[in-house]
$ cat entry.txt   # compact mmCIF, C-alpha atoms
# COMPACT_ATOMS: atom_id res chain seq x y z
CA MET J 1 0.00 0.00 0.00
CA GLU J 2 1.19 3.51 -0.83
CA ILE J 3 -0.22 6.99 -0.35
CA TYR J 4 0.16 9.52 -3.13
CA ILE J 5 -0.47 13.26 -2.82
CA VAL J 6 -2.04 14.94 -5.84
CA GLN J 7 0.32 17.40 -7.54
CA VAL J 8 -0.11 20.03 -10.26
CA GLY J 9 -0.85 18.32 -13.58
CA ASP J 10 -2.08 15.06 -12.06
CA ASN J 11 -5.29 13.35 -13.04
CA ILE J 12 -6.75 9.93 -12.31
CA ASN J 13 -5.19 8.46 -15.48
CA THR J 14 -1.65 9.70 -14.80
CA ILE J 15 -1.78 8.41 -11.22
CA ALA J 16 -3.14 5.02 -12.30
CA ASN J 17 -0.44 4.72 -14.96
CA ARG J 18 2.29 5.76 -12.51
CA PHE J 19 1.41 2.89 -10.16
CA GLY J 20 0.16 0.37 -12.70
CA VAL J 21 -3.34 0.01 -11.30
CA PRO J 22 -6.69 0.08 -13.12
CA VAL J 23 -8.40 3.47 -13.15
CA ASP J 24 -11.75 2.07 -12.06
CA ARG J 25 -10.23 0.25 -9.10
CA LEU J 26 -8.23 3.31 -8.04
CA ALA J 27 -11.38 5.42 -8.16
CA TYR J 28 -13.38 2.91 -6.16
CA ASP J 29 -10.71 2.29 -3.49
CA ASN J 30 -10.65 6.03 -2.84
CA GLY J 31 -14.36 6.70 -3.08
CA LEU J 32 -13.88 9.12 -5.97
CA GLU J 33 -17.42 9.79 -7.15
CA PHE J 34 -16.00 12.21 -9.74
CA PRO J 35 -12.52 10.77 -10.44
CA TYR J 36 -11.55 13.56 -12.80
CA ARG J 37 -12.08 16.20 -10.11
CA LEU J 38 -8.95 15.80 -8.04
CA ILE J 39 -7.74 18.45 -5.60
CA LEU J 40 -4.19 19.67 -5.05
CA GLY J 41 -2.90 18.07 -1.87
CA GLN J 42 -5.53 15.31 -1.88
CA ALA J 43 -4.30 11.95 -0.51
CA ILE J 44 -4.86 8.92 -2.74
CA ILE J 45 -4.38 5.38 -1.47
CA ILE J 46 -2.78 2.88 -3.84
CA ALA J 47 -3.57 -0.70 -2.81
CA PHE J 48 -1.72 -3.60 -4.41
CA PRO J 49 -3.60 -6.91 -4.21
CA LYS J 50 -1.70 -10.08 -3.41
CA GLN J 51 -4.18 -12.28 -5.25
CA THR J 52 -6.99 -11.53 -7.71
CA HIS J 53 -9.59 -13.59 -9.55
CA THR J 54 -11.14 -13.08 -12.97
CA VAL J 55 -14.79 -14.03 -12.79
CA GLN J 56 -15.81 -17.01 -14.91
CA GLU J 57 -19.25 -18.07 -16.06
CA GLY J 58 -21.04 -19.80 -13.18
CA ASP J 59 -18.86 -18.31 -10.40
CA THR J 60 -20.44 -17.25 -7.13
CA LEU J 61 -18.89 -15.43 -4.20
CA GLN J 62 -18.98 -18.62 -2.17
CA SER J 63 -17.41 -20.74 -4.93
CA ILE J 64 -14.64 -18.15 -5.35
CA ALA J 65 -14.03 -18.07 -1.59
CA ASP J 66 -13.86 -21.87 -1.51
CA MET J 67 -11.48 -21.94 -4.48
CA TYR J 68 -8.96 -19.75 -2.65
CA GLN J 69 -9.72 -21.16 0.81
CA VAL J 70 -10.73 -17.81 2.25
CA SER J 71 -13.94 -16.69 3.91
CA TYR J 72 -16.97 -15.43 2.03
CA PHE J 73 -16.76 -12.19 4.03
CA GLN J 74 -13.13 -11.62 3.01
CA VAL J 75 -14.08 -11.65 -0.67
CA LEU J 76 -17.04 -9.39 0.02
CA ARG J 77 -15.12 -6.79 2.06
CA ASN J 78 -12.30 -6.64 -0.52
CA ASN J 79 -14.91 -5.99 -3.21
CA SER J 80 -17.59 -4.03 -1.38
CA PHE J 81 -19.17 -2.85 -4.64
CA LEU J 82 -20.70 -6.35 -4.72
CA ALA J 83 -22.77 -5.65 -1.59
CA ASP J 84 -25.67 -4.24 -3.59
CA ARG J 85 -25.15 -6.41 -6.67
CA GLU J 86 -27.13 -9.56 -7.40
CA TYR J 87 -24.79 -10.96 -10.06
CA LEU J 88 -21.11 -11.35 -10.88
CA TYR J 89 -20.05 -10.41 -14.39
CA PRO J 90 -17.70 -12.73 -16.29
CA GLY J 91 -14.41 -11.01 -16.99
CA GLU J 92 -14.45 -8.62 -14.03
CA THR J 93 -11.54 -8.77 -11.61
CA LEU J 94 -12.04 -9.33 -7.88
CA VAL J 95 -9.47 -8.84 -5.14
CA ILE J 96 -9.04 -12.00 -3.10
CA SER J 97 -6.32 -10.90 -0.67
CA TYR J 98 -3.68 -8.31 0.17
CA ASN J 99 -0.26 -8.67 1.78
CA THR J 100 -1.67 -8.21 5.27
CA VAL J 101 0.55 -7.97 8.35
CA GLY J 102 -1.79 -9.33 11.03
CA SER J 103 -5.33 -9.60 12.33
CA ILE J 104 -7.39 -7.07 14.28
CA THR J 105 -10.90 -6.51 15.48
CA THR J 106 -12.97 -3.56 14.30
CA ASN J 107 -15.76 -1.93 16.29
CA GLY J 108 -18.03 0.31 14.26
CA TYR J 109 -20.48 2.82 15.77
CA ILE J 110 -23.81 3.60 14.13
CA PHE J 111 -27.18 5.15 14.88
CA ALA J 112 -30.29 3.01 14.50
CA PHE J 113 -31.50 5.06 11.51
CA ILE J 114 -28.65 3.86 9.27
CA SER J 115 -29.77 2.87 5.78
CA GLN J 116 -29.82 -0.85 5.02
CA ALA J 117 -27.70 -0.23 1.90
CA THR J 118 -24.91 1.34 3.97
CA LEU J 119 -25.25 -1.27 6.70
CA ILE J 120 -24.65 -4.25 4.44
CA LYS J 121 -21.57 -2.57 2.95
CA ILE J 122 -19.91 -2.00 6.32
CA LEU J 123 -20.83 -5.28 8.07
CA PRO J 124 -18.30 -7.50 6.22
CA ASN J 125 -15.56 -5.20 7.62
CA LEU J 126 -16.64 -5.42 11.26
CA THR J 127 -16.07 -7.63 14.29
CA TYR J 128 -18.38 -5.63 16.55
CA LEU J 129 -21.23 -3.22 15.87
CA SER J 130 -22.05 -0.70 18.62
CA ILE J 131 -25.58 0.59 18.07
CA PHE J 132 -26.24 4.00 19.61
CA ASN J 133 -29.94 3.76 20.36
CA TYR J 134 -30.36 3.95 24.14
CA ARG J 135 -29.99 6.68 26.74
CA THR J 136 -29.84 6.60 30.53
CA THR J 137 -32.04 9.12 32.35
CA GLU J 138 -31.10 10.83 35.62
CA SER J 139 -32.93 8.14 37.63
CA GLY J 140 -31.37 5.21 35.78
CA GLU J 141 -34.21 4.49 33.34
CA VAL J 142 -33.15 3.31 29.88
CA LEU J 143 -34.88 5.02 26.96
CA GLN J 144 -34.92 3.65 23.42
CA TYR J 145 -34.94 5.92 20.37
CA ARG J 146 -35.77 3.62 17.45
CA GLU J 147 -36.48 0.02 16.55
CA ASP J 148 -33.20 -1.89 16.18
CA GLN J 149 -34.21 -5.54 15.72
CA GLN J 150 -33.48 -5.59 11.99
CA ILE J 151 -30.00 -4.14 12.53
CA ILE J 152 -29.21 -6.79 15.13
CA GLN J 153 -30.41 -9.53 12.80
CA SER J 154 -28.36 -8.18 9.89
CA ALA J 155 -25.26 -7.97 12.09
CA LEU J 156 -25.59 -11.62 13.08
CA GLU J 157 -26.11 -12.70 9.47
CA TYR J 158 -22.76 -11.06 8.62
CA GLY J 159 -20.93 -12.59 11.57
CA VAL J 160 -20.81 -9.32 13.53
CA VAL J 161 -21.22 -9.11 17.32
CA PRO J 162 -24.01 -6.60 18.15
CA LEU J 163 -23.38 -4.41 21.20
CA LEU J 164 -25.97 -2.27 22.96
CA MET J 165 -24.39 1.17 23.23
CA LEU J 166 -25.55 3.21 26.21
CA SER J 167 -24.72 6.73 27.36
CA THR J 168 -26.23 9.72 29.13
CA LEU J 169 -25.98 11.78 25.95
CA THR J 170 -29.10 12.99 24.19
CA ALA J 171 -29.89 11.84 20.64
CA SER J 172 -28.21 15.01 19.33
CA GLY J 173 -25.10 14.34 21.41
CA GLU J 174 -25.61 16.91 24.16
CA PRO J 175 -23.62 15.92 27.26
CA ASN J 176 -25.35 15.69 30.63
CA ILE J 177 -22.93 15.71 33.53
CA GLU J 178 -25.74 15.88 36.10
CA THR J 179 -27.31 12.66 34.84
CA SER J 180 -23.96 10.89 34.80
CA PHE J 181 -23.16 11.70 38.41
CA ASN J 182 -26.70 11.02 39.59
CA ILE J 183 -26.14 7.44 38.45
CA LEU J 184 -22.59 7.19 39.78
CA LEU J 185 -23.64 8.42 43.25
CA ASN J 186 -26.88 6.48 43.69
CA GLU J 187 -26.96 2.68 44.19
CA GLU J 188 -30.69 2.48 43.52
CA PHE J 189 -30.33 4.27 40.17
CA GLN J 190 -27.39 2.03 39.26
CA ASP J 191 -29.34 -1.15 39.98
CA ARG J 192 -32.31 0.08 37.95
CA ASN J 193 -30.02 1.00 35.06
CA ILE J 194 -28.20 -2.34 35.05
CA ASN J 195 -31.39 -4.38 35.35
CA GLN J 196 -32.98 -2.55 32.44
CA PHE J 197 -30.10 -2.67 29.97
CA VAL J 198 -29.45 -6.34 30.78
CA GLU J 199 -33.12 -7.16 30.14
CA ILE J 200 -33.08 -5.24 26.85
CA ALA J 201 -29.83 -6.84 25.69
CA LYS J 202 -31.04 -10.37 26.40
CA SER J 203 -34.51 -9.92 24.96
CA LYS J 204 -33.26 -8.33 21.71
CA GLY J 205 -30.31 -10.60 21.06
CA TYR J 206 -27.44 -8.27 21.83
CA TYR J 207 -24.23 -10.10 22.71
CA GLY J 208 -23.01 -7.42 25.07
CA VAL J 209 -23.02 -3.82 26.22
CA ASN J 210 -20.81 -0.86 25.32
CA LEU J 211 -21.02 2.01 27.82
CA VAL J 212 -19.76 5.49 26.91
CA PHE J 213 -17.86 7.38 29.62
CA ASN J 214 -17.69 11.13 29.01
CA TYR J 215 -16.51 12.46 32.37
CA LEU J 216 -13.85 9.98 33.49
CA SER J 217 -11.11 11.90 35.30
CA GLN J 218 -8.70 11.48 38.16
CA SER J 219 -11.25 12.91 40.61
CA SER J 220 -14.17 10.80 39.35
CA GLN J 221 -12.39 7.53 38.63
CA THR J 222 -13.27 5.83 41.94
CA LEU J 223 -16.97 6.27 41.17
CA TYR J 224 -16.52 4.88 37.68
CA ILE J 225 -14.43 1.92 38.85
CA ASN J 226 -17.04 0.96 41.46
CA PHE J 227 -19.82 1.16 38.87
CA VAL J 228 -17.80 -0.84 36.34
CA ARG J 229 -17.10 -3.53 38.94
CA LYS J 230 -20.81 -3.89 39.68
CA ILE J 231 -21.72 -4.06 35.99
CA SER J 232 -18.95 -6.58 35.31
CA GLU J 233 -20.19 -8.97 37.96
CA ARG J 234 -23.72 -8.88 36.59
CA LEU J 235 -22.78 -9.22 32.91
CA GLN J 236 -20.51 -12.17 33.64
CA GLN J 237 -23.45 -13.90 35.34
CA GLU J 238 -25.62 -13.20 32.27
CA GLY J 239 -22.96 -14.30 29.76
CA LEU J 240 -22.79 -10.85 28.12
CA LEU J 241 -19.71 -9.01 26.87
CA PHE J 242 -18.74 -5.71 28.49
CA PHE J 243 -16.95 -2.88 26.70
CA ILE J 244 -16.42 0.72 27.70
CA THR J 245 -15.85 3.58 25.27
CA ILE J 246 -13.78 6.31 26.86
CA ASN J 247 -14.41 9.69 25.26
CA TYR J 248 -10.93 10.69 26.33
CA SER J 249 -9.50 14.12 26.95
CA LEU J 250 -5.77 14.78 27.03
CA GLN J 251 -4.65 17.67 29.20
CA SER J 252 -1.71 19.36 27.53
CA SER J 253 1.03 21.01 29.57
CA ASP J 254 3.96 22.56 27.72
CA GLY J 255 3.04 20.53 24.66
CA ILE J 256 3.19 17.21 26.51
CA ALA J 257 0.10 14.99 26.54
CA MET J 258 -0.94 13.97 30.06
CA LEU J 259 -3.26 11.22 31.25
CA GLY J 260 -4.38 12.84 34.47
CA GLY J 261 -3.55 9.87 36.73
CA ILE J 262 -6.44 7.56 35.74
CA ASP J 263 -6.10 3.92 36.82
CA TYR J 264 -6.83 2.26 33.49
CA GLY J 265 -5.25 -0.96 34.71
CA THR J 266 -8.00 -1.53 37.26
CA LEU J 267 -10.70 -0.58 34.77
CA SER J 268 -9.32 -3.05 32.22
CA SER J 269 -9.51 -5.91 34.71
CA TYR J 270 -13.32 -5.67 34.77
CA VAL J 271 -14.06 -5.34 31.06
CA ASP J 272 -13.59 -7.27 27.83
CA GLY J 273 -12.24 -4.18 26.14
CA MET J 274 -11.60 -0.44 26.43
CA ILE J 275 -12.12 1.73 23.35
CA PHE J 276 -10.42 5.13 23.30
CA LEU J 277 -12.29 7.28 20.85
CA LYS J 278 -13.32 10.89 20.36
CA VAL J 279 -17.12 10.78 20.23
CA VAL J 280 -17.94 13.96 18.33
CA TRP J 281 -21.24 15.32 17.06
CA GLY J 282 -22.92 17.58 14.56
CA THR J 283 -21.98 20.97 16.01
CA ASN J 284 -18.65 21.87 17.58
CA TYR J 285 -18.28 24.96 19.77
CA ASP J 286 -14.57 24.47 20.42
CA PRO J 287 -11.92 26.57 18.66
CA PRO J 288 -10.62 25.34 15.28
CA ALA J 289 -8.35 22.35 15.80
CA PRO J 290 -7.50 18.98 14.28
CA ILE J 291 -10.31 16.41 14.41
CA SER J 292 -7.87 13.92 15.86
CA ASN J 293 -4.26 13.97 17.04
CA ILE J 294 -2.54 10.68 16.31
CA ASN J 295 0.71 11.68 18.01
CA GLN J 296 -1.16 12.43 21.23
CA MET J 297 -2.99 9.12 20.80
CA ARG J 298 0.39 7.39 20.61
CA VAL J 299 1.45 9.00 23.90
CA LEU J 300 -1.86 7.93 25.45
CA VAL J 301 -1.46 4.32 24.30
CA ASN J 302 2.16 4.21 25.45
CA ASP J 303 1.07 5.09 28.99
CA ILE J 304 -2.03 2.89 29.07
CA THR J 305 -0.16 -0.22 27.96
CA LYS J 306 2.14 0.09 30.96
CA THR J 307 -0.72 -1.07 33.20
CA SER J 308 -3.33 -2.54 30.83
CA PRO J 309 -2.99 -5.52 28.47
CA PRO J 310 -2.83 -4.36 24.83
CA GLU J 311 -5.24 -7.14 23.83
CA LYS J 312 -7.95 -5.24 25.70
CA ILE J 313 -7.27 -1.86 24.07
CA THR J 314 -8.93 -0.47 20.94
CA VAL J 315 -8.21 2.99 19.55
CA GLY J 316 -10.10 4.98 16.98
CA SER J 317 -10.78 8.26 15.30
CA PRO J 318 -13.91 10.07 14.13
CA ILE J 319 -14.36 9.89 10.36
CA LEU J 320 -15.62 13.35 9.42
CA GLY J 321 -14.72 16.98 8.92
CA TYR J 322 -15.54 20.27 10.68
CA ASP J 323 -15.98 23.64 8.97
CA TRP J 324 -15.24 26.74 11.10
CA PRO J 325 -15.92 30.35 10.06
CA LEU J 326 -13.10 32.72 10.98
CA PRO J 327 -12.27 34.52 13.12
CA PHE J 328 -13.34 32.23 15.94
CA ILE J 329 -15.35 34.04 18.63
CA PRO J 330 -15.88 32.08 21.88
CA ASP J 331 -19.56 31.43 22.73
CA ARG J 332 -20.60 32.68 19.30
CA THR J 333 -18.73 30.72 16.64
CA SER J 334 -19.49 27.06 15.95
CA ALA J 335 -18.33 24.53 13.41
CA THR J 336 -20.62 22.24 11.43
CA SER J 337 -19.78 18.62 10.76
CA MET J 338 -19.40 17.21 7.26
CA THR J 339 -18.90 13.82 5.67
CA VAL J 340 -15.50 13.33 4.09
CA ASN J 341 -17.08 13.28 0.62
CA SER J 342 -18.71 16.65 1.36
CA VAL J 343 -15.36 18.01 2.48
CA TYR J 344 -13.79 17.15 -0.87
CA GLU J 345 -16.71 18.64 -2.79
CA LEU J 346 -16.34 21.86 -0.80
CA ALA J 347 -12.59 21.97 -1.45
CA TYR J 348 -13.06 21.39 -5.17
CA ASP J 349 -15.83 23.97 -5.54
CA ASN J 350 -13.66 26.59 -3.83
CA ASN J 351 -10.43 25.66 -5.64
CA ALA J 352 -8.81 25.01 -2.27
CA VAL J 353 -5.41 23.39 -1.72
CA ILE J 354 -5.32 20.70 0.95
CA GLN J 355 -2.55 21.10 3.51
CA PHE J 356 -1.34 18.61 6.11
CA ASP J 357 -0.46 19.11 9.77
CA GLU J 358 2.55 16.93 10.57
CA ILE J 359 1.93 17.15 14.34
CA SER J 360 -1.63 15.84 14.50
CA LEU J 361 -1.32 13.98 11.14
CA THR J 362 -4.56 15.46 9.87
CA PRO J 363 -5.39 17.49 6.73
CA PHE J 364 -7.00 20.93 6.51
CA PHE J 365 -7.70 23.72 4.05
CA TYR J 366 -8.89 27.32 3.91
CA TYR J 367 -11.55 28.87 1.70
CA SER J 368 -13.57 32.08 1.54
CA GLN J 369 -17.33 32.37 1.38
CA ILE J 370 -18.94 35.55 0.09
CA ILE J 371 -22.30 36.31 1.71
CA GLY J 372 -22.45 40.09 1.55
CA ILE J 373 -18.90 40.28 2.84
CA PRO J 374 -16.18 37.64 2.48
CA VAL J 375 -15.97 35.17 5.38
CA ASP J 376 -12.87 33.00 5.71
CA HIS J 377 -13.22 29.36 6.76
CA ILE J 378 -10.94 26.57 7.91
CA VAL J 379 -11.89 22.91 7.47
CA TRP J 380 -10.17 20.16 9.45
CA PHE J 381 -10.89 16.57 8.49
CA ILE J 382 -9.62 12.99 8.33
CA ASP J 383 -8.03 11.30 5.33
CA VAL J 384 -6.15 8.08 4.59
CA ARG J 385 -2.92 9.49 6.06
CA THR J 386 -4.65 9.85 9.44
CA ILE J 387 -6.17 6.39 9.17
CA ASN J 388 -2.85 4.86 8.19
CA ALA J 389 -1.10 6.54 11.12
CA LEU J 390 -3.73 5.10 13.47
CA ASN J 391 -3.18 1.66 11.93
CA ASP J 392 0.51 2.07 12.75
CA VAL J 393 -0.35 2.68 16.42
CA VAL J 394 -2.41 -0.54 16.44
CA LYS J 395 0.48 -2.47 14.88
CA ASP J 396 3.26 -0.95 16.97
CA TYR J 397 1.54 -1.74 20.28
CA SER J 398 -0.19 -4.99 19.19
CA LEU J 399 -3.57 -3.56 20.18
CA TYR J 400 -6.86 -5.42 19.99
CA GLY J 401 -8.25 -3.34 17.21
CA SER J 402 -9.66 -0.18 15.71
CA GLY J 403 -12.83 1.74 16.57
CA ILE J 404 -14.66 3.91 14.05
CA TRP J 405 -17.01 6.77 14.91
CA ASN J 406 -19.25 6.75 13.02
CA LEU J 407 -20.23 4.60 10.04
CA MET J 408 -23.44 6.22 8.83
CA PHE J 409 -21.74 6.77 5.47
CA TYR J 410 -19.49 4.32 3.66
CA TYR J 411 -15.97 5.72 3.37
CA PRO J 412 -13.92 3.55 0.95
CA GLN J 413 -10.47 4.92 1.87
CA LEU J 414 -11.00 3.78 5.46
CA TRP J 415 -11.64 0.18 4.47
CA THR J 416 -9.06 0.07 1.69
CA SER J 417 -6.46 1.13 4.26
CA ILE J 418 -7.56 -1.34 6.94
CA ASN J 419 -8.19 -4.32 4.65
CA SER J 420 -4.90 -3.94 2.80
CA GLU J 421 -3.05 -4.16 6.14
CA PHE J 422 -5.12 -6.48 8.32
CA GLU J 423 -7.35 -9.53 8.31
CA ILE J 424 -10.59 -8.69 10.12
CA ILE J 425 -11.43 -11.07 12.95
CA LYS J 426 -14.93 -12.55 12.88
CA LEU J 427 -16.11 -14.10 16.17
CA ILE J 428 -19.41 -15.44 14.83
CA ASN J 429 -19.56 -18.02 12.05
$ encode --input "entry.txt" --output "C-alpha cells"
Amino acid sequence: MEIYIVQVGDNINTIANRFGVPVDRLAYDNGLEFPYRLILGQAIIIAFPKQTHTVQEGDTLQSIADMYQVSYFQVLRNNSFLADREYLYPGETLVISYNTVGSITTNGYIFAFISQATLIKILPNLTYLSIFNYRTTESGEVLQYREDQQIIQSALEYGVVPLLMLSTLTASGEPNIETSFNILLNEEFQDRNINQFVEIAKSKGYYGVNLVFNYLSQSSQTLYINFVRKISERLQQEGLLFFITINYSLQSSDGIAMLGGIDYGTLSSYVDGMIFLKVVWGTNYDPPAPISNINQMRVLVNDITKTSPPEKITVGSPILGYDWPLPFIPDRTSATSMTVNSVYELAYDNNAVIQFDEISLTPFFYYSQIIGIPVDHIVWFIDVRTINALNDVVKDYSLYGSGIWNLMFYYPQLWTSINSEFEIIKLIN
C-alpha cells in the first residue's frame, strides 16, 4: 500500500499509470465519485492486491471463496461494490487478498437510523457493531430511540457481534454531567439502570453492552471503577460481553500529553475491552483544531499499555470533517460537521489546496465564502494518512483493534487502508 499526494498536472489516469493500477479500481478504493475532479494536496491510497480472480461463467462469491480457501466475508469486504449487486459479471476482476501484516478486530459505531444499503456494505468489515440507540435518564431508566431488531439480525447474518451502546448523551449528542453523576452516586439508580439494559440486551439478542464514559477523570475515577465492577459482575453472570468507550481528553502542559492519573489498569480488569475514541457530534463549539491527534494518541497508548494488556485496548478516530468560520469568537462561533465526501466537494468547488499538519497527522484547508462580505473558513478533516497513522499505532503496540465513529456513510479509503493491512477477525460463524 502507498499513499500519493495529488500534484499540479495530475489526473486519475496519470496516477493510475504511474502505479500500474486500473483506473476504475483506483477510483473505487478512494471513493472518488468524480474521479476527474482531483484536488491539489488530496491523498490517494494505492492498494496492491496479493491475489486476484477473474470471474468465470457460473462463479459465485462462495465458490470463489472456496477456491482460494478464504472466507466469504473476506471476498465481500475486498470488493464491497458487490454488496448491492445480485450478479457477478464474467471477466471482471475481484481482489481475493492483500499482503496483510496481522489480524485485528474492528468496532463500528452507528445510529439506528442507518440505511440498510450502507449497513450491508460495512458489516463485512466489522467484528463488533455498537448501536447507539439507548440513553440513561437521571434516575437510571433506559430510553430507546428507534427500533433496532433488523439491525441486530443483519449484524448476526454477517458474523458481527451486536453491542448495545448506552450513554447519558441525548440523541443530538448533548452531554449531561448531572445525569452521569446522579447514576454514579446512587446505588438504587445504578441497579435500575443495570437491570434494564441487561433485560433489553437479552430480549433483543445483543451479545453485550458498550457504555460510553464522558466524564472519566482522576477525581471521578473511583466512582466509575465501582460502577464498572458492579456491571462486570452482573454481565458475567448473564454471559454478556462488556466494553467501555472512553471519550478521552488529554490535558496538555507545555506541549506534553498527560493522562491525568487515571487507573486504566484496574478498569481493564473488569471489562472485555476499552475503546479510546473521540465521540464527536454535529456541532462543535470548540476553537478550530484537528479532528484527531494521532501523536497524542500514541502517547496515550504508550502510557495505558504500561498497566493494561494491549489485547484489551482499541483505539479509533472520528471519520468526518468540521468547517469553522473565521475569526473564531468564543460562545458565538461554531463549526458544522461534514462527511469526508462533502469536504472534498467543498474543497473542489472553492479551488482550495489541501494542507497537512505533521503534528496531528490530519489534513486541513482554507476557503472564503462571500455572503455580503467575504468570510474565511478553515476545514479540518480525516483522510487516509490519518487512518494509516492510526493503523501504525495498532500495529506498533499490538492492540486489539480499531474503533470507528461513526459509520453512517461508507468511506472507501478507510476500508481500503484497513483491509490492505489487516485480516478482520470474525467471532461469529
$ closest_atom_pairs --input "entry.txt" --of "region 57-162 of chain J" --to "region 270-292 of chain J" --cutoff "12 Å" --atoms "only C-alpha atoms" --output "Markdown table"
| residue | atom | partner | partner_atom | distance |
| --- | --- | --- | --- | --- |
| J:Thr105 | CA | J:Gly273 | CA | 11.0 |
| J:Thr106 | CA | J:Ile275 | CA | 10.5 |
| J:Asn107 | CA | J:Ile275 | CA | 8.7 |
| J:Gly108 | CA | J:Ile275 | CA | 10.9 |
| J:Tyr109 | CA | J:Val279 | CA | 9.7 |
| J:Ile110 | CA | J:Val279 | CA | 11.6 |
| J:Phe111 | CA | J:Trp281 | CA | 12.0 |
| J:Tyr128 | CA | J:Gly273 | CA | 11.5 |
| J:Ser130 | CA | J:Ile275 | CA | 11.3 |
| J:Phe132 | CA | J:Val279 | CA | 11.4 |
$ write_last_selection --input "entry.txt" --atoms "C-alpha atoms" --output "CSV table (one decimal), in the frame of the given file"
chain,number,residue,atom,x,y,z
J,105,THR,CA,-10.9,-6.5,15.5
J,106,THR,CA,-13.0,-3.6,14.3
J,107,ASN,CA,-15.8,-1.9,16.3
J,108,GLY,CA,-18.0,0.3,14.3
J,109,TYR,CA,-20.5,2.8,15.8
J,110,ILE,CA,-23.8,3.6,14.1
J,111,PHE,CA,-27.2,5.2,14.9
J,128,TYR,CA,-18.4,-5.6,16.6
J,130,SER,CA,-22.0,-0.7,18.6
J,132,PHE,CA,-26.2,4.0,19.6
$ residues_around --input "entry.txt" --residues "region 304-315 of chain J" --least-positions-apart "4" --cutoff "10 Å" --atoms "only C-alpha atoms" --output "ChimeraX atom specification"
/J:104-107,243,245-246,259,262-269,271-278,297-300,390-391,393-394,397-404
$ residues_near_point --input "entry.txt" --point "(-2.6, 9.0, 2.4)" --cutoff "6 Å" --atoms "all atoms listed in the file" --output "PyMOL selection string"
chain J and resi 3+43-45+384-385
$ residues_around --input "entry.txt" --residues "Asp148 (chain J)" --least-positions-apart "2" --cutoff "8 Å" --atoms "only C-alpha atoms" --output "VMD selection string"
chain J and resid 112 133 146 150 to 152
$ residues_around --input "entry.txt" --residues "Glu238 (chain J)" --least-positions-apart "6" --cutoff "10 Å" --atoms "only C-alpha atoms" --output "PyMOL selection string"
chain J and resi 198-199+202+208+232
$ atom_distance --input "entry.txt" --atom1 "CA of Thr93 (chain J)" --atom2 "CA of Val55 (chain J)"
6.3 Å
$ atom_distance --input "entry.txt" --atom1 "CA of Tyr410 (chain J)" --atom2 "CA of Gly31 (chain J)"
8.8 Å
$ axis_aligned_box --input "entry.txt" --around "region 398-401 of chain J" --padding-each-side "5 Å" --output "AutoDock Vina command-line options"
--center_x -4.2 --center_y -4.4 --center_z 18.7 --size_x 18.1 --size_y 12.1 --size_z 13.0
$ residues_around --input "entry.txt" --residues "region 344-349 of chain J" --least-positions-apart "3" --cutoff "12 Å" --atoms "all atoms listed in the file" --output "VMD selection string"
chain J and resid 30 to 43 320 to 323 338 to 341 352 to 355 363 to 369 377 to 383
$ closest_residue --input "entry.txt" --among "J:Asn210, J:Thr333, J:Gln153, J:Thr416" --to "Ile120 (chain J)" --atoms "all atoms listed in the file"
J:Gln153
$ atom_distance --input "entry.txt" --atom1 "CA of Asp396 (chain J)" --atom2 "CA of Ile294 (chain J)"
13.0 Å
$ residues_around --input "entry.txt" --residues "Asn293 (chain J)" --least-positions-apart "5" --cutoff "8 Å" --atoms "only C-alpha atoms" --output "PyMOL selection string"
chain J and resi 359-362
$ write_last_selection --input "entry.txt" --atoms "C-alpha atoms" --output "short mmCIF file (atom, residue, chain, number, x, y, z; two decimals), in the coordinates of the input"
data_model
loop_
_atom_site.label_atom_id
_atom_site.label_comp_id
_atom_site.auth_asym_id
_atom_site.auth_seq_id
_atom_site.Cartn_x
_atom_site.Cartn_y
_atom_site.Cartn_z
CA ILE J 359 1.93 17.15 14.34
CA SER J 360 -1.63 15.84 14.50
CA LEU J 361 -1.32 13.98 11.14
CA THR J 362 -4.56 15.46 9.87
#
$ closest_residue --input "entry.txt" --among "J:Val8, J:Val343, J:Val21, J:Leu164" --to "Ile46 (chain J)" --atoms "all atoms listed in the file"
J:Val21
$ residues_near_point --input "entry.txt" --point "(-12.5, -17.5, -3.8)" --cutoff "12 Å" --atoms "all atoms listed in the file" --output "PyMOL selection string"
chain J and resi 51-56+59-76+78-79+93-97
$ closest_residue --input "entry.txt" --among "J:Leu216, J:Leu123, J:Met165, J:Leu326" --to "Phe242 (chain J)" --atoms "all atoms listed in the file"
J:Met165
$ closest_residue --input "entry.txt" --among "J:Ser334, J:Gln144, J:Asn388, J:Asn193" --to "Ile131 (chain J)" --atoms "all atoms listed in the file"
J:Gln144
$ closest_residue --input "entry.txt" --among "J:Leu156, J:Leu184, J:Val228, J:Ala47" --to "Tyr4 (chain J)" --atoms "all atoms listed in the file"
J:Ala47
$ closest_residue --input "entry.txt" --among "J:Ile12, J:Leu185, J:Ala335, J:Ile370" --to "Leu223 (chain J)" --atoms "all atoms listed in the file"
J:Leu185
$ decode --input "entry.txt" --residues "region 56-62 of chain J" --atoms "N, CA and C atoms" --output "compact mmCIF listing (two decimals), in the first residue's frame"
# COMPACT_ATOMS: atom_id res chain seq x y z
N GLN J 56 -15.45 -16.11 -13.83
CA GLN J 56 -15.81 -17.01 -14.91
C GLN J 56 -17.32 -17.26 -14.89
N GLU J 57 -17.84 -17.72 -15.99
CA GLU J 57 -19.25 -18.07 -16.06
C GLU J 57 -19.57 -19.11 -14.99
N GLY J 58 -20.62 -18.85 -14.21
CA GLY J 58 -21.04 -19.80 -13.18
C GLY J 58 -20.43 -19.54 -11.81
N ASP J 59 -19.46 -18.63 -11.71
CA ASP J 59 -18.86 -18.31 -10.40
C ASP J 59 -19.87 -17.67 -9.47
N THR J 60 -19.73 -17.96 -8.19
CA THR J 60 -20.44 -17.25 -7.13
C THR J 60 -19.41 -16.78 -6.11
N LEU J 61 -19.82 -15.88 -5.24
CA LEU J 61 -18.89 -15.43 -4.20
C LEU J 61 -18.42 -16.60 -3.35
N GLN J 62 -19.34 -17.49 -3.02
CA GLN J 62 -18.98 -18.62 -2.17
C GLN J 62 -18.03 -19.58 -2.90
